[in-house]
$ cat structure.txt   # compact mmCIF, C-alpha atoms
# COMPACT_ATOMS: atom_id res chain seq x y z
CA MET A 41 1.18 5.60 73.53
CA LYS A 42 2.78 2.16 73.41
CA LYS A 43 -0.26 0.83 71.45
CA ILE A 44 0.09 3.57 68.84
CA GLY A 45 3.77 2.69 68.36
CA VAL A 46 2.93 -1.02 67.92
CA HIS A 47 0.21 -0.20 65.40
CA LEU A 48 2.52 2.11 63.45
CA GLY A 49 5.19 -0.58 63.43
CA LEU A 50 2.73 -3.17 62.11
CA MET A 51 1.50 -0.76 59.41
CA VAL A 52 5.06 -0.07 58.24
CA LEU A 53 5.83 -3.79 58.23
CA LEU A 54 2.65 -4.51 56.25
CA LEU A 55 3.52 -1.80 53.70
CA ILE A 56 7.02 -3.25 53.26
CA VAL A 57 5.60 -6.77 52.73
CA LEU A 58 3.02 -5.48 50.22
CA ALA A 59 5.59 -3.41 48.29
CA THR A 60 8.04 -6.34 48.17
CA GLY A 61 5.31 -8.75 47.06
CA THR A 62 4.07 -6.36 44.38
CA LEU A 63 7.57 -5.86 42.97
CA PHE A 64 8.20 -9.61 42.97
CA PHE A 65 4.87 -10.26 41.21
CA LEU A 66 5.57 -7.61 38.56
CA ARG A 67 9.07 -8.98 37.98
CA VAL A 68 7.67 -12.51 37.41
CA TYR A 69 4.63 -11.34 35.40
CA THR A 70 6.62 -9.11 33.03
CA LYS A 71 9.48 -11.63 32.80
CA HIS A 72 11.90 -8.81 33.58
CA ASP A 73 14.86 -11.17 33.51
CA GLY A 74 13.57 -13.03 30.42
CA GLU A 75 15.72 -13.53 27.36
CA LEU A 76 15.37 -10.89 24.62
CA VAL A 77 15.17 -11.67 20.91
CA LYS A 78 15.75 -9.29 18.00
CA VAL A 79 12.71 -8.79 15.73
CA LYS A 80 13.46 -9.77 12.14
CA ASP A 81 12.64 -7.56 9.15
CA LEU A 82 9.56 -9.22 7.64
CA ASP A 83 8.87 -6.63 4.93
CA GLY A 84 7.90 -8.44 1.70
CA VAL A 85 7.64 -11.86 3.39
CA LYS A 86 4.40 -13.76 2.71
CA SER A 87 2.13 -13.62 5.78
CA ASN A 88 2.07 -17.38 6.49
CA LYS A 89 5.87 -17.57 6.27
CA ALA A 90 6.26 -14.47 8.48
CA ILE A 91 4.10 -16.05 11.18
CA GLU A 92 6.17 -19.26 10.98
CA VAL A 93 9.41 -17.26 11.34
CA LEU A 94 8.07 -15.43 14.38
CA GLU A 95 6.88 -18.65 16.01
CA SER A 96 10.33 -20.20 15.52
CA MET A 97 11.76 -17.21 17.44
CA GLY A 98 9.29 -17.64 20.30
CA LEU A 99 7.15 -14.70 19.19
CA GLU A 100 3.52 -14.50 18.10
CA GLY A 101 2.53 -13.00 14.74
CA VAL A 102 -0.87 -11.30 14.62
CA VAL A 103 -2.35 -9.92 11.38
CA THR A 104 -4.16 -6.70 12.31
CA ASP A 105 -5.02 -5.21 8.91
CA THR A 106 -4.84 -5.60 5.13
CA VAL A 107 -4.12 -2.72 2.76
CA PHE A 108 -3.23 -2.31 -0.89
CA LYS A 109 0.31 -1.12 -1.55
CA ASP A 110 1.53 -0.54 -5.09
CA GLY A 111 4.51 -2.70 -5.98
CA ALA A 112 4.23 -4.99 -2.95
CA LYS A 113 3.70 -8.73 -3.32
CA ARG A 114 0.20 -9.94 -2.62
CA LEU A 115 -0.37 -11.30 0.91
CA ALA A 116 3.09 -10.06 1.97
CA VAL A 117 3.95 -8.03 5.05
CA VAL A 118 4.04 -4.26 4.39
CA ASN A 119 4.30 -3.06 8.00
CA GLN A 120 5.14 -4.51 11.40
CA ASN A 121 5.03 -3.37 15.00
CA PRO A 122 7.41 -3.54 16.87
CA ALA A 123 9.78 -2.56 14.08
CA ALA A 124 12.60 -4.76 12.80
CA GLY A 125 15.77 -4.67 14.87
CA LEU A 126 14.11 -4.04 18.24
CA ASN A 127 14.81 -6.42 21.13
CA VAL A 128 11.64 -7.86 22.68
CA LYS A 129 10.80 -10.58 25.20
CA ARG A 130 9.85 -14.06 24.08
CA GLY A 131 6.10 -14.49 23.76
CA ARG A 132 5.65 -10.88 22.57
CA LYS A 133 2.99 -10.27 19.90
CA ILE A 134 4.25 -8.80 16.62
CA TYR A 135 1.47 -7.00 14.78
CA LEU A 136 1.51 -7.35 10.99
CA VAL A 137 -0.16 -5.38 8.20
CA ILE A 138 -0.55 -7.46 5.03
CA ASN A 139 -0.89 -6.44 1.37
CA THR A 140 -4.28 -7.57 0.08
CA ASP A 141 -4.58 -10.21 -2.64
CA LYS A 142 -7.37 -8.23 -4.33
CA VAL A 143 -6.49 -5.27 -6.56
CA PRO A 144 -8.89 -2.41 -5.84
CA MET A 145 -11.05 -1.03 -8.62
CA VAL A 146 -10.85 2.62 -9.70
CA MET A 147 -13.14 4.73 -11.85
CA MET A 148 -12.15 5.50 -15.44
CA PRO A 149 -11.92 9.28 -15.90
CA ASP A 150 -13.53 11.18 -18.79
CA LEU A 151 -10.63 12.05 -21.12
CA ALA A 152 -11.95 11.75 -24.70
CA GLU A 153 -12.67 15.09 -26.43
CA LYS A 154 -12.06 16.92 -23.16
CA THR A 155 -8.30 16.79 -22.55
CA SER A 156 -4.92 17.00 -24.25
CA LEU A 157 -2.32 14.23 -23.93
CA PRO A 158 -0.37 15.97 -21.10
CA GLN A 159 -3.60 16.62 -19.17
CA ALA A 160 -4.74 13.03 -19.70
CA GLN A 161 -1.41 11.66 -18.41
CA SER A 162 -1.75 13.73 -15.24
CA ILE A 163 -5.38 12.67 -14.70
CA LEU A 164 -4.56 8.99 -15.25
CA LYS A 165 -1.74 9.18 -12.70
CA ARG A 166 -4.02 10.75 -10.09
CA ALA A 167 -6.62 8.04 -10.79
CA HIS A 168 -3.94 5.32 -10.20
CA LEU A 169 -4.00 4.29 -13.86
CA ARG A 170 -1.14 4.10 -16.35
CA LEU A 171 -0.79 5.35 -19.89
CA GLY A 172 -0.59 2.45 -22.34
CA LYS A 173 -0.17 2.83 -26.09
CA ILE A 174 -0.52 6.22 -27.78
CA ILE A 175 -2.37 5.84 -31.08
CA ARG A 176 -1.96 8.89 -33.30
CA GLN A 177 -4.74 9.55 -35.79
CA VAL A 178 -5.18 12.32 -38.35
CA ASP A 179 -8.08 14.58 -37.40
CA ALA A 180 -9.25 17.56 -39.47
CA SER A 181 -9.92 19.69 -36.38
CA VAL A 182 -6.29 19.51 -35.23
CA ARG A 183 -4.17 22.39 -36.56
CA THR A 184 -0.72 21.77 -35.02
CA LYS A 185 1.12 18.70 -33.81
CA ASN A 186 1.40 20.30 -30.34
CA ASP A 187 -2.37 20.29 -29.77
CA GLU A 188 -2.56 16.53 -29.01
CA PRO A 189 -6.29 16.24 -28.17
CA VAL A 190 -7.49 12.91 -26.78
CA LEU A 191 -10.09 11.46 -29.18
CA ALA A 192 -10.80 8.11 -27.49
CA GLN A 193 -9.81 5.94 -24.54
CA TYR A 194 -9.40 2.19 -24.91
CA GLU A 195 -8.85 -0.82 -22.73
CA SER A 196 -5.17 -1.60 -23.28
CA GLY A 197 -4.42 -3.75 -26.32
CA THR A 198 -7.97 -3.53 -27.65
CA HIS A 199 -10.24 -1.13 -29.51
CA GLN A 200 -12.79 -1.52 -26.72
CA ILE A 201 -13.81 2.01 -25.72
CA LEU A 202 -13.75 2.58 -21.96
CA ALA A 203 -16.69 4.76 -20.96
CA PRO A 204 -16.12 7.32 -18.20
CA GLY A 205 -17.07 5.87 -14.83
CA THR A 206 -16.25 2.28 -15.82
CA LEU A 207 -14.56 0.42 -12.97
CA VAL A 208 -11.13 -0.93 -13.89
CA GLU A 209 -8.35 -2.48 -11.83
CA ARG A 210 -5.96 -0.02 -10.24
CA ASN A 211 -2.72 0.38 -12.27
CA SER A 212 -4.43 -0.78 -15.49
CA GLU A 213 -2.96 0.56 -18.73
CA ILE A 214 -5.21 2.79 -20.83
CA ASP A 215 -4.53 3.29 -24.56
CA LEU A 216 -5.30 6.76 -25.90
CA VAL A 217 -6.13 7.89 -29.45
CA ILE A 218 -4.51 11.28 -30.01
CA GLY A 219 -5.51 13.65 -32.84
CA VAL A 220 -2.76 14.96 -35.14
CA PRO A 221 -2.84 17.35 -38.13
CA ALA A 222 -2.88 16.03 -41.71
CA ASN A 223 0.82 16.80 -42.25
CA TYR A 224 1.97 15.10 -39.02
CA PHE A 225 3.33 11.96 -40.70
CA ASP A 226 5.15 13.93 -43.40
CA SER A 227 7.76 14.91 -40.81
CA ASP A 228 9.96 12.75 -38.61
CA SER A 229 7.55 11.65 -35.85
CA THR A 230 7.54 9.29 -32.91
CA ALA A 231 4.12 7.76 -33.58
CA ILE A 232 3.71 4.44 -31.85
CA ASP A 233 0.75 3.30 -33.91
CA VAL A 234 -1.66 4.70 -36.48
CA VAL A 235 -5.31 3.96 -37.17
CA ASP A 236 -7.17 5.38 -40.15
CA GLU A 237 -10.44 5.75 -38.34
CA LEU A 238 -12.01 5.05 -34.99
CA PRO A 239 -13.85 1.75 -34.82

$ encode --input "structure.txt" --output "structure tokens"
Amino acid sequence: MKKIGVHLGLMVLLLIVLATGTLFFLRVYTKHDGELVKVKDLDGVKSNKAIEVLESMGLEGVVTDTVFKDGAKRLAVVNQNPAAGLNVKRGRKIYLVINTDKVPMVMMPDLAEKTSLPQAQSILKRAHLRLGKIIRQVDASVRTKNDEPVLAQYESGTHQILAPGTLVERNSEIDLVIGVPANYFDSDSTAIDVVDELP
């Protein structure tokens, strides 16, 4: 009976030592009492500068992904984790998502002789393209000024026809030739440009 009591006592003592040692190890390993620093907002900061800023704060910047974000500067931070304003321990990794320096290509839709101006504007927007110049041209098949059929699609600032399926940079401007009736220019109009005939 005495032996059992001794063994139980030793087991309890061993458990206490192990628990205390484990807690001490975790406290040291996780730097529980370490100084905290507030994560800066790095949105829009160039990646190399963001990493320098983090290093100066005792943090480590790690680029985990690149994406394309409209309107963001190239090679700038567009997302970070942990988020700005959070308090973290020194040495913590801050994961950064960077805007790519390459603009993705998109496929030119088929607008000419298939859509009206409002339809074309909607299709261009969905394709991540922008409407450039509207060139109004008299066309015998157009009966009213509200019809607005698209007759041709050009690379912006040129008379270079863009064939459907051509790859162009995302957010490129596309000029459209719009058909108008013969009497269109007799009234007060908002024509941006006029061509007599398609090249």

$ closest_residue --input "structure.txt" --among "A:Val178, A:Ala123, A:Ile138, A:Val128" --to "Val103 in chain A" --atoms "all atoms listed in the file"
A:Ile138

$ closest_residue --input "structure.txt" --among "A:Val79, A:Leu164, A:Gly84, A:Lys109" --to "Pro122 in chain A" --atoms "all atoms listed in the file"
A:Val79

$ closest_residue --input "structure.txt" --among "A:His199, A:Arg114, A:Lys154, A:Lys185" --to "Lys173 in chain A" --atoms "only C-alpha atoms"
A:His199

$ closest_residue --input "structure.txt" --among "A:Asp83, A:Asp215, A:Glu209, A:Glu100" --to "Leu151 in chain A" --atoms "all atoms listed in the file"
A:Asp215

$ axis_aligned_box --input "structure.txt" --around "range 171-187 of chain A" --padding-each-side "5 Å" --output "lines of an AutoDock Vina configuration file"
center_x = -4.3
center_y = 12.4
center_z = -29.7
size_x = 21.3
size_y = 29.9
size_z = 29.6

$ residues_around --input "structure.txt" --residues "Gly197 in chain A" --least-positions-apart "4" --cutoff "12 Å" --atoms "all atoms listed in the file" --output "ChimeraX atom specification"
/A:171-175,193,201,212-216,233

$ residues_around --input "structure.txt" --residues "Lys78 in chain A" --least-positions-apart "6" --cutoff "9 Å" --atoms "all atoms listed in the file" --output "PyMOL selection string"
chain A and resi 97+124-129

$ closest_residue --input "structure.txt" --among "A:Ala203, A:Pro221, A:Leu53, A:Val117" --to "Arg183 in chain A" --atoms "all atoms listed in the file"
A:Pro221

$ atom_distance --input "structure.txt" --atom1 "CA of Asn223 in chain A" --atom2 "CA of Ala152 in chain A"
22.3 Å

$ atom_distance --input "structure.txt" --atom1 "CA of Met147 in chain A" --atom2 "CA of Gln159 in chain A"
16.9 Å

$ closest_residue --input "structure.txt" --among "A:Lys133, A:Arg210, A:Lys113, A:Lys89" --to "Met148 in chain A" --atoms "all atoms listed in the file"
A:Arg210
